[in-house]
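Report on the following structure.
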Amino acid sequence: MPTLTFEDIADTLRTARSQGTPIAAPTETWPDLDVSAAFEVQKINVAHAIADGDRLVGYKLGNIAKVMQAAFGLDQPDYGHLLASTFAYEGTTLEREKFIEPFVELEPAFVLRKHLRGPNITVADAIDAIEFALPAIEIIDSRVKDWAIGLPDTLADNGSTGAVLLGGTPRRVTDLNLRDTRGVLRFNDREVIAGSTGYILGNPLAAVAWLVNRVAEYGVEFEPGQVILPGSCLQAVPMNEAGRWSGTFEGWGTIEFDVSIAAKN
């Protein structure tokens with residue numbers, strides 16, 4: 001059994017990302033990898049990215065909905081850093097070849113106007129700190145082969161983040177019913193799946209408070225202007241065909257993007 005070395009695990013995951021080639025789950029190669037160690041691996045790769053010119057722009061919570069945990073064989077949420085390099089513009093075309101095994105998620109996004117740091121952050125604190133909310137698409141993409149992940153594996157892989165797109169209809173949270181807003185994903189104008197923001201820990205504002213408190217033990221503080229993704233309101237859908245994706249929160253807004261697939265020689 002190889003000696004547990006955080007730098008080795010981080011390097012293996014970086015290589016998988018850059019080459020687009022999946023690896024065995026880190027916990028298979030390093031069975032002693034636990035949740036705390038996995039988050040340290042995550043931070044190493046975030047630091048590498050920032051040293052190379054990237055920028056930390058927020059944080060994400062994943063697999064908070066029970067349908068997502070069931071789909072990926074997890075029993076707890078994961079969480080990760082959001083880097084500017086992973087953000088794409090709404091209405092643009094994403095190349096399928098730049099991902100390994102991507103899935104599309106629809107979720108709200110929140111932009112902060114105040115600092116947030118746990119522990120003991122309440123939903124009221126989260127509401128007070130949020131400047132506005134907007135519809136978002138997250139494309140999750142694991143560097144682990146066949147998504148055969150446990151919690152330490154996805155944490156080491158920065159919450160399996162692939163790409164993030166933010167919509168153009170910002171709203172104050174006081175103008176939204178985040179307890180029960182229907183969200184719908186469509187592909188080529190066909191409804192694929194629907195869900196409710198209520199699936200996100202009762203409401204996504206509660207998920208924000210949960211995330212702030214969870215990462216407080218690692219010394220993480222959320223800063224004004226940062227983006228917070230609280231998790232998907234519906235089960236993620238594979239992104240394997242060329243076409244147009246559309247995500248809509250009823251009474252709020254829609255976000256769209258296209259996927260292209262290169263022709264094989």
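By order of appearance in the structure tokens: chains A, B, ..., then residues from 1 within every chain, and ligands from 1 in the order shown.
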Show me, as JSON lines, the residues of range 179-236 of chain A having an atom within 10 Å of range 255-259 of chain A, each with the closest atom pair and its distance in Å, using only C-alpha atoms.
```
{"residue": "A:Leu185", "atom": "CA", "partner": "A:Ile255", "partner_atom": "CA", "distance": 9.7}
{"residue": "A:Arg186", "atom": "CA", "partner": "A:Glu256", "partner_atom": "CA", "distance": 9.3}
{"residue": "A:Phe187", "atom": "CA", "partner": "A:Asp258", "partner_atom": "CA", "distance": 9.5}
{"residue": "A:Asn188", "atom": "CA", "partner": "A:Asp258", "partner_atom": "CA", "distance": 9.4}
```
Which residues come within 9 Å of Arg172 in chain A, counting only C-alpha atoms, excluding same-chain residues fewer than 5 positions away, as a list in words? Ile130, Glu131, Phe132, Ala133 and Leu134 of chain A
Since we have the selection now, will you write its residues out, keeping C-alpha atoms, as a PDB file, in the first residue's frame?
```pdb
ATOM      1  CA  ILE A 130     -26.691  37.468   0.420  1.00  0.00           C
ATOM      2  CA  GLU A 131     -26.807  40.292  -2.130  1.00  0.00           C
ATOM      3  CA  PHE A 132     -28.862  38.441  -4.738  1.00  0.00           C
ATOM      4  CA  ALA A 133     -29.679  35.044  -6.224  1.00  0.00           C
ATOM      5  CA  LEU A 134     -29.650  33.888  -9.831  1.00  0.00           C
TER       6      LEU A 134
END
```
Please identify all polymer residues within 7 Å of range 213-228 of chain A, counting only C-alpha atoms, omitting same-chain residues fewer than 4 positions from it, and present them as a list in words.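 Near range 213-228 of chain A, the qualifying residues are Val57, Gly58, Tyr59, Lys60, Ala109, Phe110, Val111, Leu112, Arg113, Lys114, His115, Leu116, Arg117, Gly118, Pro119, Asn120, Ile121 and Ala209 of chain A.
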Residues from last step as file, all heavy atoms, as a compact mmCIF listing (two decimals), in the first residue's frame:
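What landed in part15.txt:
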```txt
# COMPACT_ATOMS: atom_id res chain seq x y z
N VAL A 57 -13.27 32.23 -6.38
CA VAL A 57 -14.43 33.11 -6.50
C VAL A 57 -15.64 32.63 -5.70
O VAL A 57 -16.70 33.26 -5.74
CB VAL A 57 -14.84 33.30 -7.98
CG1 VAL A 57 -13.74 34.03 -8.74
CG2 VAL A 57 -15.16 31.96 -8.63
N GLY A 58 -15.49 31.53 -4.96
CA GLY A 58 -16.61 31.08 -4.15
C GLY A 58 -16.47 29.63 -3.73
O GLY A 58 -15.39 29.04 -3.79
N TYR A 59 -17.61 29.07 -3.30
CA TYR A 59 -17.65 27.70 -2.78
C TYR A 59 -18.93 27.02 -3.22
O TYR A 59 -19.93 27.66 -3.54
CB TYR A 59 -17.56 27.71 -1.24
CG TYR A 59 -16.28 28.31 -0.73
CD1 TYR A 59 -16.18 29.68 -0.49
CD2 TYR A 59 -15.15 27.52 -0.53
CE1 TYR A 59 -14.99 30.24 -0.05
CE2 TYR A 59 -13.96 28.07 -0.09
CZ TYR A 59 -13.88 29.43 0.15
OH TYR A 59 -12.71 29.98 0.57
N LYS A 60 -18.89 25.70 -3.23
CA LYS A 60 -20.05 24.91 -3.65
C LYS A 60 -20.36 23.82 -2.65
O LYS A 60 -19.49 23.32 -1.93
CB LYS A 60 -19.79 24.28 -5.01
CG LYS A 60 -18.62 23.30 -5.03
CD LYS A 60 -18.75 22.25 -6.15
CE LYS A 60 -19.78 21.21 -5.81
NZ LYS A 60 -19.88 20.13 -6.81
N ALA A 109 -27.85 30.09 -7.47
CA ALA A 109 -26.54 30.58 -7.03
C ALA A 109 -26.78 31.84 -6.21
O ALA A 109 -27.70 32.61 -6.49
CB ALA A 109 -25.63 30.87 -8.22
N PHE A 110 -25.95 32.05 -5.21
CA PHE A 110 -26.05 33.23 -4.37
C PHE A 110 -24.75 34.01 -4.42
O PHE A 110 -23.66 33.42 -4.44
CB PHE A 110 -26.34 32.85 -2.91
CG PHE A 110 -27.62 32.09 -2.73
CD1 PHE A 110 -27.61 30.75 -2.38
CD2 PHE A 110 -28.85 32.71 -2.92
CE1 PHE A 110 -28.79 30.04 -2.21
CE2 PHE A 110 -30.04 32.01 -2.75
CZ PHE A 110 -30.00 30.68 -2.40
N VAL A 111 -24.87 35.33 -4.45
CA VAL A 111 -23.70 36.21 -4.41
C VAL A 111 -23.75 37.00 -3.11
O VAL A 111 -24.78 37.60 -2.77
CB VAL A 111 -23.68 37.17 -5.62
CG1 VAL A 111 -22.46 38.09 -5.55
CG2 VAL A 111 -23.65 36.37 -6.93
N LEU A 112 -22.64 36.99 -2.39
CA LEU A 112 -22.62 37.58 -1.05
C LEU A 112 -22.30 39.07 -1.08
O LEU A 112 -21.54 39.55 -1.94
CB LEU A 112 -21.56 36.87 -0.20
CG LEU A 112 -21.77 35.38 0.06
CD1 LEU A 112 -20.64 34.85 0.94
CD2 LEU A 112 -23.12 35.11 0.71
N ARG A 113 -22.83 39.78 -0.10
CA ARG A 113 -22.47 41.19 0.11
C ARG A 113 -21.78 41.39 1.46
O ARG A 113 -21.27 42.46 1.74
CB ARG A 113 -23.70 42.08 0.05
CG ARG A 113 -24.74 41.85 1.15
CD ARG A 113 -25.97 42.71 0.93
NE ARG A 113 -26.95 42.49 1.99
CZ ARG A 113 -27.01 43.17 3.13
NH1 ARG A 113 -26.13 44.14 3.36
NH2 ARG A 113 -27.94 42.91 4.02
N LYS A 114 -21.76 40.31 2.28
CA LYS A 114 -21.12 40.37 3.60
C LYS A 114 -20.28 39.13 3.82
O LYS A 114 -20.45 38.11 3.16
CB LYS A 114 -22.18 40.43 4.72
CG LYS A 114 -22.94 41.74 4.82
CD LYS A 114 -23.86 41.68 6.04
CE LYS A 114 -24.60 42.98 6.26
NZ LYS A 114 -25.48 42.91 7.46
N HIS A 115 -19.38 39.22 4.78
CA HIS A 115 -18.60 38.06 5.21
C HIS A 115 -19.50 37.06 5.92
O HIS A 115 -20.46 37.44 6.60
CB HIS A 115 -17.48 38.49 6.17
CG HIS A 115 -16.38 39.25 5.52
ND1 HIS A 115 -15.27 38.66 4.97
CD2 HIS A 115 -16.23 40.59 5.32
CE1 HIS A 115 -14.48 39.58 4.46
NE2 HIS A 115 -15.02 40.76 4.67
N LEU A 116 -19.18 35.78 5.77
CA LEU A 116 -19.84 34.72 6.52
C LEU A 116 -18.77 33.75 7.01
O LEU A 116 -17.96 33.26 6.22
CB LEU A 116 -20.83 33.95 5.65
CG LEU A 116 -22.26 34.48 5.51
CD1 LEU A 116 -23.05 33.59 4.56
CD2 LEU A 116 -22.97 34.55 6.86
N ARG A 117 -18.79 33.48 8.31
CA ARG A 117 -17.88 32.49 8.85
C ARG A 117 -18.54 31.78 10.03
O ARG A 117 -19.07 32.43 10.92
CB ARG A 117 -16.56 33.14 9.30
CG ARG A 117 -15.57 32.11 9.85
CD ARG A 117 -14.20 32.68 10.03
NE ARG A 117 -13.26 31.64 10.48
CZ ARG A 117 -11.95 31.79 10.51
NH1 ARG A 117 -11.40 32.92 10.10
NH2 ARG A 117 -11.17 30.81 10.92
N GLY A 118 -18.52 30.48 9.99
CA GLY A 118 -19.07 29.69 11.08
C GLY A 118 -18.05 29.51 12.18
O GLY A 118 -16.96 30.06 12.12
N PRO A 119 -18.41 28.78 13.21
CA PRO A 119 -19.66 28.01 13.34
C PRO A 119 -20.84 28.87 13.78
O PRO A 119 -20.70 30.08 13.96
CB PRO A 119 -19.30 26.98 14.41
CG PRO A 119 -18.28 27.70 15.27
CD PRO A 119 -17.49 28.55 14.32
N ASN A 120 -21.97 28.23 13.93
CA ASN A 120 -23.18 28.83 14.49
C ASN A 120 -23.81 29.89 13.59
O ASN A 120 -24.48 30.81 14.08
CB ASN A 120 -22.90 29.43 15.88
CG ASN A 120 -22.37 28.39 16.84
OD1 ASN A 120 -22.86 27.26 16.86
ND2 ASN A 120 -21.37 28.75 17.63
N ILE A 121 -23.60 29.77 12.28
CA ILE A 121 -24.31 30.62 11.33
C ILE A 121 -25.73 30.08 11.16
O ILE A 121 -25.94 28.87 10.99
CB ILE A 121 -23.58 30.65 9.97
CG1 ILE A 121 -22.26 31.42 10.10
CG2 ILE A 121 -24.46 31.26 8.88
CD1 ILE A 121 -22.42 32.89 10.45
N ALA A 209 -26.16 28.01 4.99
CA ALA A 209 -25.76 28.03 6.40
C ALA A 209 -25.03 26.74 6.76
O ALA A 209 -24.02 26.77 7.48
CB ALA A 209 -26.99 28.24 7.29
```
Please produce, as a Markdown table, a per-residue contact table for range 62-168 of chain A versus range 13-35 of chain A (criterion: any atom at most 6 Å away, only C-alpha atoms considered), showing the nearest atom pair and its distance in Å to one decimal, sorted by chain then residue number.
```
| residue | atom | partner | partner_atom | distance |
| --- | --- | --- | --- | --- |
| A:Ile100 | CA | A:Gly20 | CA | 5.8 |
| A:Arg143 | CA | A:Pro22 | CA | 4.8 |
| A:Val144 | CA | A:Ile23 | CA | 5.0 |
| A:Lys145 | CA | A:Pro22 | CA | 4.8 |
| A:Pro152 | CA | A:Val35 | CA | 4.9 |
| A:Asp153 | CA | A:Pro26 | CA | 5.8 |
```
Please, could you write that set of residues out with all heavy atoms as an mmCIF file, in the first residue's frame?
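Saved file out_30.cif follows:
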```
data_model
loop_
_atom_site.group_PDB
_atom_site.id
_atom_site.type_symbol
_atom_site.label_atom_id
_atom_site.label_comp_id
_atom_site.auth_asym_id
_atom_site.auth_seq_id
_atom_site.Cartn_x
_atom_site.Cartn_y
_atom_site.Cartn_z
ATOM 1 N N ILE A 100 -14.711 14.577 -18.782
ATOM 2 C CA ILE A 100 -14.516 13.131 -18.730
ATOM 3 C C ILE A 100 -15.858 12.411 -18.771
ATOM 4 O O ILE A 100 -16.158 11.666 -19.698
ATOM 5 C CB ILE A 100 -13.712 12.735 -17.471
ATOM 6 C CG1 ILE A 100 -12.293 13.330 -17.553
ATOM 7 C CG2 ILE A 100 -13.638 11.204 -17.348
ATOM 8 C CD1 ILE A 100 -11.462 13.118 -16.301
ATOM 9 N N ARG A 143 -12.997 13.086 -11.812
ATOM 10 C CA ARG A 143 -11.760 12.532 -12.346
ATOM 11 C C ARG A 143 -11.631 11.056 -11.983
ATOM 12 O O ARG A 143 -10.683 10.379 -12.391
ATOM 13 C CB ARG A 143 -10.559 13.299 -11.784
ATOM 14 C CG ARG A 143 -10.039 14.420 -12.672
ATOM 15 C CD ARG A 143 -11.101 15.377 -13.139
ATOM 16 N NE ARG A 143 -11.694 16.134 -12.045
ATOM 17 C CZ ARG A 143 -12.650 17.034 -12.198
ATOM 18 N NH1 ARG A 143 -13.166 17.266 -13.392
ATOM 19 N NH2 ARG A 143 -13.133 17.675 -11.159
ATOM 20 N N VAL A 144 -12.584 10.523 -11.246
ATOM 21 C CA VAL A 144 -12.566 9.117 -10.833
ATOM 22 C C VAL A 144 -13.346 8.286 -11.848
ATOM 23 O O VAL A 144 -14.477 8.625 -12.213
ATOM 24 C CB VAL A 144 -13.171 8.953 -9.429
ATOM 25 C CG1 VAL A 144 -13.253 7.484 -9.044
ATOM 26 C CG2 VAL A 144 -12.338 9.728 -8.408
ATOM 27 N N LYS A 145 -12.773 7.202 -12.285
ATOM 28 C CA LYS A 145 -13.380 6.366 -13.318
ATOM 29 C C LYS A 145 -14.745 5.856 -12.881
ATOM 30 O O LYS A 145 -14.919 5.357 -11.773
ATOM 31 C CB LYS A 145 -12.454 5.182 -13.624
ATOM 32 C CG LYS A 145 -12.922 4.341 -14.797
ATOM 33 C CD LYS A 145 -11.923 3.243 -15.107
ATOM 34 C CE LYS A 145 -12.376 2.416 -16.296
ATOM 35 N NZ LYS A 145 -11.408 1.333 -16.611
ATOM 36 N N PRO A 152 -14.502 10.889 0.627
ATOM 37 C CA PRO A 152 -13.130 11.404 0.518
ATOM 38 C C PRO A 152 -12.669 11.573 -0.928
ATOM 39 O O PRO A 152 -11.894 12.492 -1.238
ATOM 40 C CB PRO A 152 -12.295 10.352 1.253
ATOM 41 C CG PRO A 152 -13.245 9.695 2.195
ATOM 42 C CD PRO A 152 -14.539 9.658 1.454
ATOM 43 N N ASP A 153 -13.150 10.710 -1.826
ATOM 44 C CA ASP A 153 -12.728 10.791 -3.226
ATOM 45 C C ASP A 153 -13.231 12.069 -3.888
ATOM 46 O O ASP A 153 -12.476 12.781 -4.556
ATOM 47 C CB ASP A 153 -13.246 9.578 -4.002
ATOM 48 C CG ASP A 153 -12.749 8.269 -3.434
ATOM 49 O OD1 ASP A 153 -11.525 8.122 -3.281
ATOM 50 O OD2 ASP A 153 -13.591 7.406 -3.129
#
```
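Using only C-alpha atoms, the smallest distance between any of A:Gly53, A:Gly253, A:Gly243, A:Pro77 and Gly159 in chain A comes from A:Pro77.
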Would you mind listing, for every residue of range 96-149 of chain A within 12 Å of range 235-242 of chain A, the two atoms forming the shortest contact and the distance between them in Å to one decimal, using only C-alpha atoms, sorted by chain and ascending residue number, as a tab-separated table?
```
residue	atom	partner	partner_atom	distance
A:Arg96	CA	A:Asn240	CA	7.0
A:Glu97	CA	A:Asn240	CA	9.6
A:Lys98	CA	A:Asn240	CA	11.7
A:Phe99	CA	A:Met239	CA	9.4
A:Ile100	CA	A:Asn240	CA	10.0
A:Glu101	CA	A:Pro238	CA	7.7
A:Pro102	CA	A:Met239	CA	5.5
A:Phe103	CA	A:Pro238	CA	4.2
A:Val104	CA	A:Val237	CA	5.1
A:Glu105	CA	A:Ala236	CA	4.9
A:Leu106	CA	A:Ala236	CA	7.9
A:Glu107	CA	A:Ala236	CA	10.4
A:Ile137	CA	A:Ala236	CA	10.5
A:Glu138	CA	A:Ala236	CA	9.3
A:Ile139	CA	A:Met239	CA	8.4
A:Ile140	CA	A:Ala236	CA	8.3
A:Asp141	CA	A:Met239	CA	9.8
A:Trp147	CA	A:Pro238	CA	11.9
```
Let me see the file: selected residues, all heavy atoms, as a compact mmCIF listing (two decimals), in the first residue's frame.
```txt
# COMPACT_ATOMS: atom_id res chain seq x y z
N ARG A 96 -17.82 18.89 -25.46
CA ARG A 96 -17.93 17.67 -24.66
C ARG A 96 -16.57 17.04 -24.41
O ARG A 96 -16.33 16.44 -23.33
CB ARG A 96 -18.86 16.68 -25.39
CG ARG A 96 -18.92 15.26 -24.80
CD ARG A 96 -19.45 15.27 -23.39
NE ARG A 96 -19.52 13.92 -22.83
CZ ARG A 96 -18.46 13.27 -22.31
NH1 ARG A 96 -17.27 13.86 -22.27
NH2 ARG A 96 -18.60 12.05 -21.82
N GLU A 97 -15.65 17.17 -25.33
CA GLU A 97 -14.35 16.53 -25.22
C GLU A 97 -13.49 17.10 -24.09
O GLU A 97 -12.50 16.48 -23.69
CB GLU A 97 -13.57 16.68 -26.54
CG GLU A 97 -14.14 15.87 -27.70
CD GLU A 97 -15.44 16.45 -28.25
OE1 GLU A 97 -15.68 17.67 -28.05
OE2 GLU A 97 -16.22 15.69 -28.86
N LYS A 98 -13.87 18.25 -23.55
CA LYS A 98 -13.09 18.85 -22.46
C LYS A 98 -13.49 18.28 -21.10
O LYS A 98 -12.92 18.67 -20.08
CB LYS A 98 -13.26 20.36 -22.48
CG LYS A 98 -12.59 21.02 -23.68
CD LYS A 98 -12.61 22.53 -23.59
CE LYS A 98 -11.84 23.15 -24.75
NZ LYS A 98 -11.83 24.64 -24.67
N PHE A 99 -14.45 17.36 -21.09
CA PHE A 99 -14.89 16.74 -19.85
C PHE A 99 -14.64 15.23 -19.93
O PHE A 99 -14.42 14.68 -21.01
CB PHE A 99 -16.37 17.01 -19.61
CG PHE A 99 -16.73 18.47 -19.53
CD1 PHE A 99 -17.06 19.19 -20.67
CD2 PHE A 99 -16.69 19.14 -18.32
CE1 PHE A 99 -17.38 20.54 -20.60
CE2 PHE A 99 -17.01 20.49 -18.23
CZ PHE A 99 -17.35 21.19 -19.38
N ILE A 100 -14.71 14.58 -18.78
CA ILE A 100 -14.52 13.13 -18.73
C ILE A 100 -15.86 12.41 -18.77
O ILE A 100 -16.16 11.67 -19.70
CB ILE A 100 -13.71 12.74 -17.47
CG1 ILE A 100 -12.29 13.33 -17.55
CG2 ILE A 100 -13.64 11.20 -17.35
CD1 ILE A 100 -11.46 13.12 -16.30
N GLU A 101 -16.68 12.60 -17.75
CA GLU A 101 -18.02 12.01 -17.70
C GLU A 101 -18.96 13.01 -17.03
O GLU A 101 -19.32 12.87 -15.86
CB GLU A 101 -18.00 10.68 -16.94
CG GLU A 101 -19.29 9.89 -17.08
CD GLU A 101 -19.23 8.52 -16.41
OE1 GLU A 101 -18.12 8.08 -16.05
OE2 GLU A 101 -20.30 7.91 -16.25
N PRO A 102 -19.37 14.04 -17.78
CA PRO A 102 -20.10 15.16 -17.18
C PRO A 102 -21.59 14.91 -17.00
O PRO A 102 -22.22 14.16 -17.75
CB PRO A 102 -19.87 16.28 -18.19
CG PRO A 102 -19.76 15.56 -19.51
CD PRO A 102 -19.08 14.26 -19.20
N PHE A 103 -22.14 15.59 -15.98
CA PHE A 103 -23.58 15.61 -15.71
C PHE A 103 -24.00 17.07 -15.53
O PHE A 103 -23.24 17.89 -15.01
CB PHE A 103 -23.91 14.84 -14.44
CG PHE A 103 -23.81 13.34 -14.56
CD1 PHE A 103 -22.57 12.71 -14.61
CD2 PHE A 103 -24.96 12.56 -14.61
CE1 PHE A 103 -22.48 11.33 -14.70
CE2 PHE A 103 -24.87 11.18 -14.69
CZ PHE A 103 -23.64 10.56 -14.75
N VAL A 104 -25.24 17.38 -15.91
CA VAL A 104 -25.78 18.74 -15.81
C VAL A 104 -26.69 18.84 -14.59
O VAL A 104 -27.55 17.98 -14.38
CB VAL A 104 -26.56 19.10 -17.08
CG1 VAL A 104 -27.13 20.52 -16.98
CG2 VAL A 104 -25.66 18.99 -18.31
N GLU A 105 -26.51 19.91 -13.84
CA GLU A 105 -27.35 20.19 -12.67
C GLU A 105 -27.92 21.60 -12.77
O GLU A 105 -27.23 22.52 -13.21
CB GLU A 105 -26.54 20.11 -11.37
CG GLU A 105 -25.98 18.76 -11.04
CD GLU A 105 -25.23 18.76 -9.72
OE1 GLU A 105 -24.79 19.84 -9.29
OE2 GLU A 105 -25.09 17.68 -9.13
N LEU A 106 -29.15 21.77 -12.33
CA LEU A 106 -29.77 23.08 -12.20
C LEU A 106 -29.84 23.43 -10.72
O LEU A 106 -30.30 22.63 -9.91
CB LEU A 106 -31.18 23.08 -12.80
CG LEU A 106 -32.00 24.36 -12.60
CD1 LEU A 106 -31.38 25.53 -13.35
CD2 LEU A 106 -33.45 24.13 -13.04
N GLU A 107 -29.39 24.62 -10.39
CA GLU A 107 -29.43 25.05 -8.99
C GLU A 107 -29.42 26.57 -8.90
O GLU A 107 -29.04 27.26 -9.85
CB GLU A 107 -28.25 24.48 -8.21
CG GLU A 107 -26.88 24.83 -8.74
CD GLU A 107 -25.79 24.00 -8.07
OE1 GLU A 107 -25.48 24.29 -6.90
OE2 GLU A 107 -25.27 23.07 -8.71
N ILE A 137 -26.28 26.82 -13.70
CA ILE A 137 -26.03 25.45 -14.13
C ILE A 137 -24.65 25.06 -13.62
O ILE A 137 -23.68 25.81 -13.78
CB ILE A 137 -26.04 25.31 -15.66
CG1 ILE A 137 -27.44 25.55 -16.24
CG2 ILE A 137 -25.48 23.95 -16.10
CD1 ILE A 137 -28.40 24.41 -16.05
N GLU A 138 -24.57 23.90 -12.97
CA GLU A 138 -23.27 23.34 -12.65
C GLU A 138 -23.11 22.05 -13.43
O GLU A 138 -24.03 21.23 -13.48
CB GLU A 138 -23.11 23.05 -11.16
CG GLU A 138 -21.71 22.50 -10.84
CD GLU A 138 -21.51 22.12 -9.39
OE1 GLU A 138 -22.47 22.23 -8.60
OE2 GLU A 138 -20.38 21.72 -9.05
N ILE A 139 -21.97 21.89 -14.06
CA ILE A 139 -21.63 20.64 -14.72
C ILE A 139 -20.63 19.94 -13.83
O ILE A 139 -19.52 20.43 -13.60
CB ILE A 139 -21.05 20.89 -16.13
CG1 ILE A 139 -22.10 21.58 -16.99
CG2 ILE A 139 -20.60 19.57 -16.75
CD1 ILE A 139 -21.58 22.09 -18.29
N ILE A 140 -21.05 18.83 -13.27
CA ILE A 140 -20.15 18.06 -12.42
C ILE A 140 -19.42 17.03 -13.28
O ILE A 140 -19.96 16.51 -14.25
CB ILE A 140 -20.90 17.38 -11.25
CG1 ILE A 140 -22.05 16.50 -11.75
CG2 ILE A 140 -21.41 18.43 -10.28
CD1 ILE A 140 -22.71 15.68 -10.68
N ASP A 141 -18.17 16.76 -12.93
CA ASP A 141 -17.34 15.90 -13.78
C ASP A 141 -16.24 15.30 -12.91
O ASP A 141 -15.30 15.99 -12.53
CB ASP A 141 -16.73 16.73 -14.92
CG ASP A 141 -16.01 15.86 -15.93
OD1 ASP A 141 -16.44 14.72 -16.15
OD2 ASP A 141 -15.01 16.34 -16.50
N TRP A 147 -17.30 7.25 -11.87
CA TRP A 147 -17.92 7.90 -10.71
C TRP A 147 -17.98 6.95 -9.52
O TRP A 147 -18.91 7.02 -8.70
CB TRP A 147 -19.33 8.40 -11.04
CG TRP A 147 -19.34 9.71 -11.78
CD1 TRP A 147 -19.33 9.88 -13.13
CD2 TRP A 147 -19.40 11.03 -11.20
NE1 TRP A 147 -19.37 11.23 -13.44
CE2 TRP A 147 -19.42 11.94 -12.28
CE3 TRP A 147 -19.45 11.51 -9.89
CZ2 TRP A 147 -19.47 13.32 -12.08
CZ3 TRP A 147 -19.51 12.88 -9.70
CH2 TRP A 147 -19.51 13.76 -10.78
```
Per DSSP on the backbone, filter range 155-233 of chain A down to the residues in helix (DSSP H, G or I) and report them as a list in words.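 Listing helix (DSSP H, G or I) positions across range 155-233 of chain A yields Leu155, Ala156, Asn158, Gly159, Ser160, Val173, Thr174, Asp175, Thr197, Gly198, Tyr199, Pro204, Leu205, Ala206, Ala207, Val208, Ala209, Trp210, Leu211, Val212, Asn213, Arg214, Val215, Ala216, Glu217 and Tyr218 of chain A.
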Best match for closeness to Gly80 in chain A among A:Ile9, A:Leu211, A:Ala148, A:Leu165, counting only C-alpha atoms: A:Leu211
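Closest to Thr197 in chain A among A:Asp54, A:Glu90, A:Asp180, A:Glu40 is A:Asp180, based on only C-alpha atoms.
Straight-line separation from CA of Ile261 in chain A to CA of Ala88 in chain A: 17.1 Å.
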What gap, in Å, lies between CA of Leu155 in chain A and CA of Gln42 in chain A? 6.5 Å
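The residue that comes closest to Ala47 in chain A, out of A:Leu234, A:Ala263, A:His81, A:Glu191 and on the basis of only C-alpha atoms, is A:His81.
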Residues of range 77-259 of chain A in strand (DSSP E), written as a PyMOL selection string: chain A and resi 78-83+87-88+93-95+102-112+130-141+161-166+182-187+190-196+227-229+237-238+243-249+253-259
Distance in Å - CA of Val208 in chain A versus CA of Ser196 in chain A: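 If I compute the distance from CA of Val208 in chain A to CA of Ser196 in chain A, I get 16.4 Å.
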From the options A:Ile44, A:Val192, A:Ala129, A:Leu61, which residue's atoms come nearest to Ser160 in chain A, counting only C-alpha atoms?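 The closest residue to Ser160 in chain A is A:Leu61.
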